[in-house]
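File shown: protein_22.cif. Contents: mmCIF, C-alpha atoms.
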```cif
data_upload
loop_
_atom_site.group_PDB
_atom_site.id
_atom_site.type_symbol
_atom_site.label_atom_id
_atom_site.label_comp_id
_atom_site.auth_asym_id
_atom_site.auth_seq_id
_atom_site.Cartn_x
_atom_site.Cartn_y
_atom_site.Cartn_z
ATOM 1 C CA MET S 1 -13.430 -29.535 -42.388
ATOM 2 C CA ASN S 2 -17.093 -30.389 -42.224
ATOM 3 C CA LYS S 3 -19.340 -29.574 -39.324
ATOM 4 C CA ILE S 4 -19.060 -32.947 -37.646
ATOM 5 C CA THR S 5 -15.293 -33.089 -37.533
ATOM 6 C CA ALA S 6 -15.211 -29.530 -36.271
ATOM 7 C CA TYR S 7 -17.595 -30.483 -33.541
ATOM 8 C CA LEU S 8 -15.536 -33.562 -32.655
ATOM 9 C CA ALA S 9 -12.334 -31.592 -32.615
ATOM 10 C CA SER S 10 -13.738 -28.952 -30.327
ATOM 11 C CA SER S 11 -15.241 -31.464 -27.934
ATOM 12 C CA LEU S 12 -11.944 -33.331 -27.829
ATOM 13 C CA LEU S 13 -10.268 -30.071 -26.963
ATOM 14 C CA ALA S 14 -12.838 -29.482 -24.254
ATOM 15 C CA VAL S 15 -12.183 -32.922 -22.802
ATOM 16 C CA SER S 16 -8.439 -32.421 -22.732
ATOM 17 C CA ILE S 17 -8.804 -29.024 -21.066
ATOM 18 C CA PHE S 18 -11.162 -30.573 -18.579
ATOM 19 C CA THR S 19 -8.765 -33.365 -17.632
ATOM 20 C CA ALA S 20 -5.918 -30.877 -17.386
ATOM 21 C CA CYS S 21 -7.984 -28.918 -14.880
ATOM 22 C CA LYS S 22 -8.655 -32.002 -12.870
ATOM 23 C CA GLN S 23 -5.012 -32.862 -12.604
ATOM 24 C CA GLU S 24 -3.794 -29.409 -11.657
ATOM 25 C CA ARG S 25 -6.046 -26.859 -10.164
ATOM 26 C CA LYS S 26 -5.075 -23.369 -11.328
ATOM 27 C CA LEU S 27 -6.146 -20.219 -9.537
ATOM 28 C CA PRO S 28 -8.061 -17.612 -11.559
ATOM 29 C CA PHE S 29 -6.836 -14.086 -12.296
ATOM 30 C CA TYR S 30 -8.878 -11.237 -10.855
ATOM 31 C CA GLY S 31 -9.293 -7.637 -11.924
ATOM 32 C CA GLU S 32 -9.144 -5.986 -15.279
ATOM 33 C CA ARG S 33 -7.359 -7.543 -18.211
ATOM 34 C CA HIS S 34 -6.609 -6.495 -21.738
ATOM 35 C CA ALA S 35 -5.025 -7.994 -24.796
ATOM 36 C CA GLU S 36 -1.680 -6.660 -25.889
ATOM 37 C CA THR S 37 0.505 -7.414 -28.868
ATOM 38 C CA VAL S 38 3.928 -8.537 -27.744
ATOM 39 C CA ARG S 39 6.974 -9.997 -29.477
ATOM 40 C CA ASP S 40 8.381 -13.257 -28.233
ATOM 41 C CA ALA S 41 12.091 -14.051 -28.002
ATOM 42 C CA ALA S 42 12.234 -14.834 -31.712
ATOM 43 C CA GLY S 43 10.630 -11.503 -32.555
ATOM 44 C CA VAL S 44 7.341 -13.030 -33.600
ATOM 45 C CA GLU S 45 4.281 -10.955 -32.803
ATOM 46 C CA LYS S 46 1.582 -12.561 -30.701
ATOM 47 C CA ILE S 47 -1.394 -11.515 -28.633
ATOM 48 C CA ASP S 48 -1.000 -11.814 -24.887
ATOM 49 C CA THR S 49 -3.440 -11.206 -22.068
ATOM 50 C CA VAL S 50 -2.205 -8.638 -19.576
ATOM 51 C CA TYR S 51 -3.717 -8.987 -16.119
ATOM 52 C CA GLN S 52 -4.215 -6.361 -13.470
ATOM 53 C CA THR S 53 -0.858 -5.764 -11.797
ATOM 54 C CA ILE S 54 -0.041 -4.244 -8.402
ATOM 55 C CA PRO S 55 2.108 -1.157 -9.142
ATOM 56 C CA ASP S 56 5.339 -0.163 -7.379
ATOM 57 C CA TRP S 57 4.816 1.172 -3.881
ATOM 58 C CA SER S 58 6.889 2.693 -1.104
ATOM 59 C CA PHE S 59 5.857 2.957 2.559
ATOM 60 C CA LEU S 60 7.335 2.909 6.062
ATOM 61 C CA ASN S 61 7.336 -0.474 7.779
ATOM 62 C CA GLN S 62 6.855 -1.125 11.488
ATOM 63 C CA ASP S 63 10.540 -0.364 12.080
ATOM 64 C CA SER S 64 10.169 3.036 10.353
ATOM 65 C CA VAL S 65 12.313 1.796 7.463
ATOM 66 C CA VAL S 66 11.350 2.821 3.921
ATOM 67 C CA THR S 67 10.083 -0.360 2.321
ATOM 68 C CA THR S 68 9.202 -0.753 -1.350
ATOM 69 C CA SER S 69 7.564 -3.327 -3.571
ATOM 70 C CA LYS S 70 11.040 -4.844 -3.952
ATOM 71 C CA ALA S 71 10.384 -6.466 -0.564
ATOM 72 C CA THR S 72 7.801 -8.755 -2.135
ATOM 73 C CA ASP S 73 9.666 -9.372 -5.411
ATOM 74 C CA GLY S 74 9.712 -13.077 -6.151
ATOM 75 C CA LYS S 75 7.224 -13.824 -3.382
ATOM 76 C CA VAL S 76 3.649 -14.885 -3.199
ATOM 77 C CA TYR S 77 2.014 -12.626 -0.632
ATOM 78 C CA ILE S 78 -1.218 -11.913 1.164
ATOM 79 C CA ALA S 79 -2.242 -8.273 1.537
ATOM 80 C CA ASP S 80 -4.918 -6.702 3.677
ATOM 81 C CA PHE S 81 -6.142 -3.332 4.974
ATOM 82 C CA PHE S 82 -6.835 -2.747 8.674
ATOM 83 C CA PHE S 83 -6.116 -0.351 11.536
ATOM 84 C CA THR S 84 -4.884 -1.043 15.036
ATOM 85 C CA SER S 85 -7.765 0.557 16.934
ATOM 86 C CA CYS S 86 -10.402 -1.310 14.924
ATOM 87 C CA THR S 87 -12.597 -3.169 17.398
ATOM 88 C CA THR S 88 -14.851 -5.022 14.975
ATOM 89 C CA ILE S 89 -13.576 -7.114 12.064
ATOM 90 C CA CYS S 90 -9.806 -6.586 12.342
ATOM 91 C CA PRO S 91 -9.180 -8.737 15.421
ATOM 92 C CA THR S 92 -10.937 -11.628 13.677
ATOM 93 C CA MET S 93 -9.124 -11.034 10.365
ATOM 94 C CA HIS S 94 -5.750 -11.022 12.058
ATOM 95 C CA ARG S 95 -6.542 -13.909 14.377
ATOM 96 C CA ASN S 96 -7.312 -15.914 11.227
ATOM 97 C CA LEU S 97 -4.411 -14.535 9.195
ATOM 98 C CA ALA S 98 -2.046 -15.379 12.055
ATOM 99 C CA THR S 99 -2.998 -19.048 11.603
ATOM 100 C CA VAL S 100 -2.028 -18.775 7.907
ATOM 101 C CA PHE S 101 1.198 -17.092 8.998
ATOM 102 C CA SER S 102 2.133 -19.917 11.348
ATOM 103 C CA GLU S 103 1.380 -22.486 8.677
ATOM 104 C CA PHE S 104 3.714 -20.835 6.144
ATOM 105 C CA LYS S 105 6.206 -19.330 8.564
ATOM 106 C CA LEU S 106 9.060 -21.461 7.316
ATOM 107 C CA ASN S 107 8.325 -20.978 3.621
ATOM 108 C CA PRO S 108 10.645 -18.252 2.279
ATOM 109 C CA ASP S 109 8.389 -17.716 -0.766
ATOM 110 C CA VAL S 110 5.393 -16.499 1.222
ATOM 111 C CA MET S 111 4.942 -13.045 2.774
ATOM 112 C CA PHE S 112 2.272 -11.011 4.541
ATOM 113 C CA VAL S 113 1.587 -7.305 4.013
ATOM 114 C CA SER S 114 -0.884 -5.375 6.178
ATOM 115 C CA HIS S 115 -1.593 -1.751 5.298
ATOM 116 C CA THR S 116 -3.067 0.520 7.934
ATOM 117 C CA ILE S 117 -5.817 2.859 6.729
ATOM 118 C CA ASP S 118 -5.516 4.995 9.891
ATOM 119 C CA PHE S 119 -3.018 7.555 8.614
ATOM 120 C CA LYS S 120 -3.665 9.765 11.667
ATOM 121 C CA TYR S 121 -2.833 7.425 14.501
ATOM 122 C CA ASP S 122 -1.117 4.260 13.214
ATOM 123 C CA LYS S 123 2.442 5.580 12.963
ATOM 124 C CA PRO S 124 5.159 2.901 12.565
ATOM 125 C CA SER S 125 5.768 2.745 16.328
ATOM 126 C CA VAL S 126 2.071 1.944 16.881
ATOM 127 C CA LEU S 127 2.233 -0.730 14.182
ATOM 128 C CA LYS S 128 5.340 -2.173 15.807
ATOM 129 C CA LYS S 129 3.620 -2.565 19.159
ATOM 130 C CA TYR S 130 0.607 -4.094 17.465
ATOM 131 C CA ALA S 131 2.724 -6.644 15.570
ATOM 132 C CA GLN S 132 4.576 -7.580 18.733
ATOM 133 C CA LYS S 133 1.352 -8.005 20.669
ATOM 134 C CA LEU S 134 -0.179 -10.084 17.897
ATOM 135 C CA GLY S 135 2.992 -12.165 18.124
ATOM 136 C CA VAL S 136 4.064 -11.872 14.483
ATOM 137 C CA ASP S 137 6.716 -9.149 14.452
ATOM 138 C CA GLY S 138 9.437 -9.802 11.880
ATOM 139 C CA SER S 139 10.343 -9.182 8.257
ATOM 140 C CA LYS S 140 7.977 -11.841 6.946
ATOM 141 C CA TRP S 141 4.854 -9.886 7.941
ATOM 142 C CA LEU S 142 5.118 -6.222 7.008
ATOM 143 C CA PHE S 143 2.911 -3.622 8.648
ATOM 144 C CA LEU S 144 2.975 -0.565 6.415
ATOM 145 C CA TYR S 145 2.235 3.082 7.021
ATOM 146 C CA GLY S 146 1.621 5.609 4.249
ATOM 147 C CA SER S 147 -0.283 8.745 3.326
ATOM 148 C CA LYS S 148 -4.047 8.521 3.031
ATOM 149 C CA ASP S 149 -3.930 9.043 -0.720
ATOM 150 C CA SER S 150 -1.315 6.446 -1.500
ATOM 151 C CA VAL S 151 -2.854 3.747 0.698
ATOM 152 C CA TYR S 152 -6.479 4.363 -0.246
ATOM 153 C CA THR S 153 -5.681 4.446 -3.965
ATOM 154 C CA LEU S 154 -3.699 1.231 -3.704
ATOM 155 C CA ALA S 155 -6.582 -0.428 -1.831
ATOM 156 C CA GLU S 156 -9.375 0.590 -4.134
ATOM 157 C CA LYS S 157 -7.745 0.755 -7.562
ATOM 158 C CA ASN S 158 -5.194 -1.992 -7.274
ATOM 159 C CA TYR S 159 -6.193 -4.525 -4.623
ATOM 160 C CA LEU S 160 -9.919 -3.893 -5.206
ATOM 161 C CA VAL S 161 -10.651 -3.535 -1.489
ATOM 162 C CA ALA S 162 -13.072 -0.788 -0.405
ATOM 163 C CA VAL S 163 -11.763 1.490 2.378
ATOM 164 C CA GLY S 164 -12.814 4.862 3.706
ATOM 165 C CA GLU S 165 -13.118 7.331 6.535
ATOM 166 C CA ASP S 166 -16.579 7.402 8.054
ATOM 167 C CA SER S 167 -17.337 9.465 11.114
ATOM 168 C CA THR S 168 -20.550 7.519 11.705
ATOM 169 C CA ALA S 169 -18.769 4.148 11.924
ATOM 170 C CA LYS S 170 -17.937 2.815 15.375
ATOM 171 C CA ASP S 171 -14.185 3.311 14.985
ATOM 172 C CA GLY S 172 -14.149 6.097 12.389
ATOM 173 C CA TYR S 173 -13.261 3.994 9.333
ATOM 174 C CA ILE S 174 -14.986 1.416 7.210
ATOM 175 C CA HIS S 175 -13.260 -1.213 5.135
ATOM 176 C CA GLN S 176 -13.636 -4.684 3.711
ATOM 177 C CA GLY S 177 -11.906 -7.575 5.395
ATOM 178 C CA TYR S 178 -10.434 -9.250 2.337
ATOM 179 C CA LEU S 179 -7.171 -11.115 2.382
ATOM 180 C CA VAL S 180 -5.867 -10.695 -1.158
ATOM 181 C CA LEU S 181 -3.558 -13.329 -2.602
ATOM 182 C CA ILE S 182 -0.913 -11.927 -4.963
ATOM 183 C CA ASP S 183 1.351 -14.013 -7.173
ATOM 184 C CA LYS S 184 5.027 -13.517 -7.966
ATOM 185 C CA ASP S 185 4.114 -11.404 -10.998
ATOM 186 C CA ARG S 186 1.981 -9.125 -8.811
ATOM 187 C CA HIS S 187 -1.330 -10.370 -10.179
ATOM 188 C CA ILE S 188 -4.412 -10.890 -7.991
ATOM 189 C CA ARG S 189 -5.140 -14.606 -7.692
ATOM 190 C CA GLY S 190 -7.633 -14.737 -4.876
ATOM 191 C CA ALA S 191 -9.617 -12.709 -2.343
ATOM 192 C CA TYR S 192 -10.829 -14.318 0.879
ATOM 193 C CA ASP S 193 -13.036 -12.856 3.572
ATOM 194 C CA GLY S 194 -10.683 -12.804 6.545
ATOM 195 C CA THR S 195 -13.575 -12.900 9.003
ATOM 196 C CA LYS S 196 -14.814 -16.260 7.674
ATOM 197 C CA GLU S 197 -12.947 -19.313 8.803
ATOM 198 C CA GLU S 198 -13.945 -21.446 5.772
ATOM 199 C CA GLN S 199 -12.540 -18.855 3.389
ATOM 200 C CA VAL S 200 -9.310 -18.614 5.344
ATOM 201 C CA GLU S 201 -9.029 -22.419 5.197
ATOM 202 C CA GLN S 202 -9.468 -22.137 1.413
ATOM 203 C CA LEU S 203 -6.626 -19.596 1.314
ATOM 204 C CA LYS S 204 -4.395 -22.101 3.112
ATOM 205 C CA LYS S 205 -5.194 -24.639 0.393
ATOM 206 C CA ASP S 206 -4.733 -22.151 -2.451
ATOM 207 C CA ILE S 207 -1.269 -20.890 -1.465
ATOM 208 C CA PRO S 208 0.422 -24.232 -2.290
ATOM 209 C CA VAL S 209 -1.535 -24.400 -5.575
ATOM 210 C CA LEU S 210 -0.170 -20.997 -6.526
ATOM 211 C CA LEU S 211 3.360 -21.879 -5.437
ATOM 212 C CA ALA S 212 3.207 -25.037 -7.564
ATOM 213 C CA GLU S 213 2.901 -22.878 -10.709
ATOM 214 C CA TYR S 214 6.515 -21.845 -10.205
ATOM 215 C CA ASN S 215 7.874 -25.337 -9.765
ATOM 216 C CA LYS S 216 7.722 -26.319 -13.385
ATOM 217 C CA MET B 1 -27.595 -18.517 28.808
ATOM 218 C CA SER B 2 -28.110 -18.934 25.078
ATOM 219 C CA ASN B 3 -28.673 -15.203 24.707
ATOM 220 C CA GLY B 4 -25.468 -14.551 26.629
ATOM 221 C CA LYS B 5 -23.666 -16.779 24.165
ATOM 222 C CA ASP B 6 -25.184 -14.933 21.197
ATOM 223 C CA ILE B 7 -24.052 -11.600 22.583
ATOM 224 C CA TYR B 8 -20.604 -13.039 23.194
ATOM 225 C CA LYS B 9 -20.333 -14.326 19.628
ATOM 226 C CA ALA B 10 -21.527 -11.069 18.121
ATOM 227 C CA LYS B 11 -19.551 -8.607 20.229
ATOM 228 C CA CYS B 12 -16.772 -10.248 22.196
ATOM 229 C CA GLN B 13 -15.496 -13.300 20.368
ATOM 230 C CA ASN B 14 -13.490 -11.313 17.801
ATOM 231 C CA CYS B 15 -11.107 -10.199 20.540
ATOM 232 C CA HIS B 16 -11.505 -12.789 23.284
ATOM 233 C CA GLY B 17 -11.743 -15.845 21.018
ATOM 234 C CA GLU B 18 -14.175 -18.687 20.555
ATOM 235 C CA ASN B 19 -12.826 -20.463 23.623
ATOM 236 C CA GLY B 20 -11.999 -17.381 25.646
ATOM 237 C CA GLU B 21 -8.344 -17.736 24.671
ATOM 238 C CA GLY B 22 -7.804 -14.029 23.965
ATOM 239 C CA LEU B 23 -5.693 -12.611 21.112
ATOM 240 C CA GLY B 24 -1.970 -12.507 21.754
ATOM 241 C CA GLN B 25 -1.181 -9.579 24.032
ATOM 242 C CA LEU B 26 -3.887 -7.525 22.342
ATOM 243 C CA ALA B 27 -6.813 -8.978 24.289
ATOM 244 C CA PRO B 28 -6.622 -11.033 27.498
ATOM 245 C CA PRO B 29 -8.063 -14.521 27.864
ATOM 246 C CA LEU B 30 -11.247 -14.994 29.867
ATOM 247 C CA THR B 31 -9.932 -18.201 31.408
ATOM 248 C CA ASP B 32 -8.385 -16.710 34.553
ATOM 249 C CA SER B 33 -11.020 -17.830 37.064
ATOM 250 C CA VAL B 34 -9.147 -16.221 39.925
ATOM 251 C CA PHE B 35 -9.122 -12.835 38.185
ATOM 252 C CA LEU B 36 -12.799 -13.134 37.314
ATOM 253 C CA LYS B 37 -13.701 -14.056 40.880
ATOM 254 C CA THR B 38 -11.630 -11.343 42.511
ATOM 255 C CA ASN B 39 -12.999 -8.736 40.119
ATOM 256 C CA LYS B 40 -16.551 -10.028 40.203
ATOM 257 C CA ASN B 41 -17.912 -6.636 41.206
ATOM 258 C CA ARG B 42 -16.150 -4.812 38.375
ATOM 259 C CA LEU B 43 -16.944 -7.134 35.460
ATOM 260 C CA ALA B 44 -20.269 -5.498 34.608
ATOM 261 C CA CYS B 45 -18.577 -2.102 34.420
ATOM 262 C CA PHE B 46 -15.736 -3.455 32.244
ATOM 263 C CA ILE B 47 -18.283 -4.899 29.859
ATOM 264 C CA LYS B 48 -20.511 -1.846 29.610
ATOM 265 C CA ASN B 49 -17.930 0.941 29.784
ATOM 266 C CA GLY B 50 -14.845 -0.767 28.423
ATOM 267 C CA ALA B 51 -11.491 -0.808 30.166
ATOM 268 C CA ASN B 52 -8.201 0.974 29.777
ATOM 269 C CA GLU B 53 -5.870 0.084 32.610
ATOM 270 C CA SER B 54 -3.160 -2.408 33.356
ATOM 271 C CA LEU B 55 -4.656 -5.815 34.200
ATOM 272 C CA MET B 56 -2.762 -8.927 35.293
ATOM 273 C CA ILE B 57 -4.341 -12.026 33.757
ATOM 274 C CA HIS B 58 -2.663 -15.407 34.238
ATOM 275 C CA GLY B 59 0.400 -13.532 35.446
ATOM 276 C CA LYS B 60 0.752 -11.454 32.253
ATOM 277 C CA GLU B 61 0.154 -7.764 31.899
ATOM 278 C CA TYR B 62 -2.503 -6.501 29.474
ATOM 279 C CA LYS B 63 -3.119 -2.821 28.860
ATOM 280 C CA GLU B 64 -4.768 -2.393 25.486
ATOM 281 C CA LYS B 65 -8.073 -0.626 25.404
ATOM 282 C CA MET B 66 -11.325 -2.546 25.511
ATOM 283 C CA PRO B 67 -14.190 -0.650 23.826
ATOM 284 C CA ALA B 68 -17.401 0.293 25.649
ATOM 285 C CA PHE B 69 -20.693 -1.337 24.750
ATOM 286 C CA PRO B 70 -23.231 1.352 25.659
ATOM 287 C CA GLU B 71 -25.845 -0.395 23.520
ATOM 288 C CA LEU B 72 -26.021 -3.325 25.960
ATOM 289 C CA ALA B 73 -28.939 -3.083 28.395
ATOM 290 C CA ASP B 74 -28.318 -4.178 31.995
ATOM 291 C CA ILE B 75 -30.000 -7.487 31.293
ATOM 292 C CA ASP B 76 -27.671 -8.126 28.320
ATOM 293 C CA VAL B 77 -24.657 -7.358 30.467
ATOM 294 C CA ALA B 78 -25.941 -9.800 33.082
ATOM 295 C CA GLN B 79 -26.459 -12.503 30.483
ATOM 296 C CA VAL B 80 -23.070 -12.189 28.806
ATOM 297 C CA MET B 81 -21.468 -12.053 32.243
ATOM 298 C CA VAL B 82 -23.162 -15.306 33.269
ATOM 299 C CA TYR B 83 -22.023 -16.818 29.983
ATOM 300 C CA ILE B 84 -18.330 -15.961 30.354
ATOM 301 C CA THR B 85 -18.133 -16.793 34.046
ATOM 302 C CA ASN B 86 -19.579 -20.260 33.343
ATOM 303 C CA SER B 87 -17.714 -21.119 30.138
ATOM 304 C CA PHE B 88 -14.072 -21.652 29.158
ATOM 305 C CA GLY B 89 -13.510 -23.637 32.368
ATOM 306 C CA ASN B 90 -15.071 -21.017 34.685
ATOM 307 C CA LYS B 91 -17.846 -22.081 37.061
ATOM 308 C CA GLN B 92 -19.162 -19.175 39.041
ATOM 309 C CA GLY B 93 -22.863 -19.848 38.784
ATOM 310 C CA PHE B 94 -25.713 -17.441 38.412
ATOM 311 C CA VAL B 95 -25.359 -13.673 38.680
ATOM 312 C CA PRO B 96 -28.602 -12.000 39.842
ATOM 313 C CA TYR B 97 -29.749 -9.303 37.452
ATOM 314 C CA SER B 98 -30.467 -6.918 40.342
ATOM 315 C CA GLN B 99 -26.858 -7.171 41.450
ATOM 316 C CA VAL B 100 -25.559 -6.391 37.952
ATOM 317 C CA SER B 101 -27.845 -3.361 37.781
ATOM 318 C CA LYS B 102 -26.517 -2.153 41.093
ATOM 319 C CA HIS B 103 -22.911 -2.572 39.956
ATOM 320 C CA LEU B 104 -23.658 -0.664 36.784
ATOM 321 C CA GLN B 105 -25.060 2.262 38.737
ATOM 322 C CA ASN B 106 -21.857 2.480 40.713
ATOM 323 C CA CYS B 107 -19.271 2.249 37.924
ATOM 324 C CA LYS B 108 -16.323 4.534 38.420
#
```

Rewritten as structure tokens:
Amino acid sequence: MNKITAYLASSLLAVSIFTACKQERKLPFYGERHAETVRDAAGVEKIDTVYQTIPDWSFLNQDSVVTTSKATDGKVYIADFFFTSCTTICPTMHRNLATVFSEFKLNPDVMFVSHTIDFKYDKPSVLKKYAQKLGVDGSKWLFLYGSKDSVYTLAEKNYLVAVGEDSTAKDGYIHQGYLVLIDKDRHIRGAYDGTKEEQVEQLKKDIPVLLAEYNK
Amino acid sequence: MSNGKDIYKAKCQNCHGENGEGLGQLAPPLTDSVFLKTNKNRLACFIKNGANESLMIHGKEYKEKMPAFPELADIDVAQVMVYITNSFGNKQGFVPYSQVSKHLQNCK
């Protein structure tokens, strides 16, 4: 192949990729990725990209029932980190997330998972009261309690959300207000600032785009 | 009034909402004109020192804790008070700064 045909071929490829994108928007993958050699069904070796994956977890939910990552198997879900006595960003995050919740309330493929970072005070009974008062108590929106280590590691290493204890902060903890969108294969497909209405509106548009990937 | 609105947006709106609608049972609405009028003399203290008691707003009970805002000067409290008592359907008119100061000296 000479240079010109190679150039033509690659620009044709670019055009077809471009039109494909225009027809179906696809959400990006976030986090670390690496290439791995896998065998397909026929035993042929090929190189696959492996994306950052949320590991198995096990916590207590707002009903004090042990709840594991099985609860979100086969679901698209939105995860966040908060605490009930947070007087700054959390009320806004959850006011906004509650509007996403009501929009997708009837969709069995969508779930919500809020992890408390206040391991001292936010026992399941406190989470239960909070969920009831927010008006979202039920199995579709999990409020999870766990040890400091397990929750903080999950936040920082896996969901890529910064959290921490800080005695100089108004309420004793600092954390980012991201709403993290996770796909059915536990990959990170979006992160939206839950305190910003425009970003939460974007999340509402992105959930159906992600769900559409599974309808093929 | 515009300063009162800025304070409201920065410090109060997260819980009480853009239109004073509150947040579920976690934070009460600021639309109960009767409550605001009857408790006129306590509002400044609620705002500066927070609140942690059972309050009946629009016939519903609220008892979550509202944080204190010690950083607000008396004049800021007066301004945000004027803002909330004249927004969201409330119309209570001007609150003299001197009165707010007096209330704040006598908070329980």

Against region 134-139 of chain S, which residues of region 22-72 of chain B fall within 12 Å? For each one I want the closest pair of atoms and the distance in Å (one decimal), counting only C-alpha atoms, rows by chain and increasing residue number, as JSON lines.
```
{"residue": "B:Gly22", "atom": "CA", "partner": "S:Leu134", "partner_atom": "CA", "distance": 10.5}
{"residue": "B:Leu23", "atom": "CA", "partner": "S:Leu134", "partner_atom": "CA", "distance": 6.9}
{"residue": "B:Gly24", "atom": "CA", "partner": "S:Leu134", "partner_atom": "CA", "distance": 4.9}
{"residue": "B:Gln25", "atom": "CA", "partner": "S:Leu134", "partner_atom": "CA", "distance": 6.2}
{"residue": "B:Leu26", "atom": "CA", "partner": "S:Leu134", "partner_atom": "CA", "distance": 6.3}
{"residue": "B:Ala27", "atom": "CA", "partner": "S:Leu134", "partner_atom": "CA", "distance": 9.3}
{"residue": "B:Pro28", "atom": "CA", "partner": "S:Leu134", "partner_atom": "CA", "distance": 11.6}
{"residue": "B:Glu64", "atom": "CA", "partner": "S:Leu134", "partner_atom": "CA", "distance": 11.7}
```

- prompt: For Val77 (chain B), which residue among B:Ser54, B:Asn49, B:Asn19, B:Asn90 is the nearest when counting only C-alpha atoms?
  reply: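 Ranking B:Ser54, B:Asn49, B:Asn19, B:Asn90 by distance to Val77 (chain B), first place goes to B:Asn49.
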
task: Tell me which protein, DNA and RNA residues are within 9 Å of region 121-125 of chain S, counting all atoms listed in the file, leaving out same-chain ones fewer than 5 positions away, and put them as a list in words.
output: Leu60, Asn61, Gln62, Asp63, Ser64, Val65, Phe83, Thr84, Ser85, Thr116, Tyr130, Phe143, Leu144, Tyr145 and Gly146 of chain S

field: Interface list for chain S, partner chain B, 9 Å threshold, all atoms listed in the file, as a ChimeraX atom specification
entry: /S:85,87-93,95,130,132-135,195

Given the PyMOL selection byres ((chain S and resi 103) around 12) and the file above, list the residues it selects as an mmCIF file with C-alpha atoms, in the frame of the given file.
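Now in result38.cif:
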```cif
data_model
loop_
_atom_site.group_PDB
_atom_site.id
_atom_site.type_symbol
_atom_site.label_atom_id
_atom_site.label_comp_id
_atom_site.auth_asym_id
_atom_site.auth_seq_id
_atom_site.Cartn_x
_atom_site.Cartn_y
_atom_site.Cartn_z
ATOM 1 C CA ASN S 96 -7.312 -15.914 11.227
ATOM 2 C CA LEU S 97 -4.411 -14.535 9.195
ATOM 3 C CA ALA S 98 -2.046 -15.379 12.055
ATOM 4 C CA THR S 99 -2.998 -19.048 11.603
ATOM 5 C CA VAL S 100 -2.028 -18.775 7.907
ATOM 6 C CA PHE S 101 1.198 -17.092 8.998
ATOM 7 C CA SER S 102 2.133 -19.917 11.348
ATOM 8 C CA PHE S 104 3.714 -20.835 6.144
ATOM 9 C CA LYS S 105 6.206 -19.330 8.564
ATOM 10 C CA LEU S 106 9.060 -21.461 7.316
ATOM 11 C CA ASN S 107 8.325 -20.978 3.621
ATOM 12 C CA VAL S 110 5.393 -16.499 1.222
ATOM 13 C CA MET S 111 4.942 -13.045 2.774
ATOM 14 C CA VAL S 200 -9.310 -18.614 5.344
ATOM 15 C CA GLU S 201 -9.029 -22.419 5.197
ATOM 16 C CA LEU S 203 -6.626 -19.596 1.314
ATOM 17 C CA LYS S 204 -4.395 -22.101 3.112
ATOM 18 C CA LYS S 205 -5.194 -24.639 0.393
ATOM 19 C CA ILE S 207 -1.269 -20.890 -1.465
ATOM 20 C CA PRO S 208 0.422 -24.232 -2.290
#
```

message: Please expand the PyMOL selection byres ((chain B and resi 36) around 12) into the concrete residues it hits in this file, giving the result as a PyMOL selection string.
response: chain B and resi 28-35+37-44+46+55-58+81-82+84-92

- request: I would like the residues chosen by the PyMOL selection byres ((chain S and resi 32) around 7) on the shown file; could you give them as JSON, numbers by chain?
  value: {"S": [30, 31, 33, 34, 51, 52]}

- request: Using CA of Asp74 (chain B) and CA of Glu21 (chain B) as the two end points, give the distance in Å to one decimal.
  value: 25.2 Å

message: Could you check the closest approach to Gly190 (chain S) for each of S:Lys75, S:Lys148, S:Lys70, S:Lys26 and tell me which residue wins, using all atoms listed in the file?
response: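 Under the stated criterion, the closest residue is S:Lys26.
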
Once 5 Å is added on each side, what are the centre and the three edge lengths, in Å to one decimal, of the axis-aligned box enclosing the listed atoms of region 147-159 of chain S? Present them as lines of an AutoDock Vina configuration file.
```
center_x = -4.8
center_y = 2.3
center_z = -2.1
size_x = 19.1
size_y = 23.6
size_z = 20.9
```

- request: Might you pull out every residue within 12 Å of Asp185 (chain S), with all atoms listed in the file counted and same-chain residues fewer than 3 positions away left off, and present them as a PyMOL selection string?
  value: chain S and resi 29+50-56+69-70+72-77+181-182+188-189+210-211+213-214

Print the selection's residues with C-alpha atoms to a file, as a short mmCIF file (atom, residue, chain, number, x, y, z; two decimals), in the coordinates of the input.
```cif
data_model
loop_
_atom_site.label_atom_id
_atom_site.label_comp_id
_atom_site.auth_asym_id
_atom_site.auth_seq_id
_atom_site.Cartn_x
_atom_site.Cartn_y
_atom_site.Cartn_z
CA PHE S 29 -6.84 -14.09 -12.30
CA VAL S 50 -2.20 -8.64 -19.58
CA TYR S 51 -3.72 -8.99 -16.12
CA GLN S 52 -4.22 -6.36 -13.47
CA THR S 53 -0.86 -5.76 -11.80
CA ILE S 54 -0.04 -4.24 -8.40
CA PRO S 55 2.11 -1.16 -9.14
CA ASP S 56 5.34 -0.16 -7.38
CA SER S 69 7.56 -3.33 -3.57
CA LYS S 70 11.04 -4.84 -3.95
CA THR S 72 7.80 -8.76 -2.13
CA ASP S 73 9.67 -9.37 -5.41
CA GLY S 74 9.71 -13.08 -6.15
CA LYS S 75 7.22 -13.82 -3.38
CA VAL S 76 3.65 -14.88 -3.20
CA TYR S 77 2.01 -12.63 -0.63
CA LEU S 181 -3.56 -13.33 -2.60
CA ILE S 182 -0.91 -11.93 -4.96
CA ILE S 188 -4.41 -10.89 -7.99
CA ARG S 189 -5.14 -14.61 -7.69
CA LEU S 210 -0.17 -21.00 -6.53
CA LEU S 211 3.36 -21.88 -5.44
CA GLU S 213 2.90 -22.88 -10.71
CA TYR S 214 6.52 -21.84 -10.20
#
```

- prompt: Can you tell me, as a VMD selection string, what residues are no more than 12 Å from Val161 (chain S) when counting all atoms listed in the file, ignoring any on the same chain fewer than 4 positions away?
  reply: chain S and resid 31 79 to 82 115 117 151 to 157 174 to 180 188 191 to 193
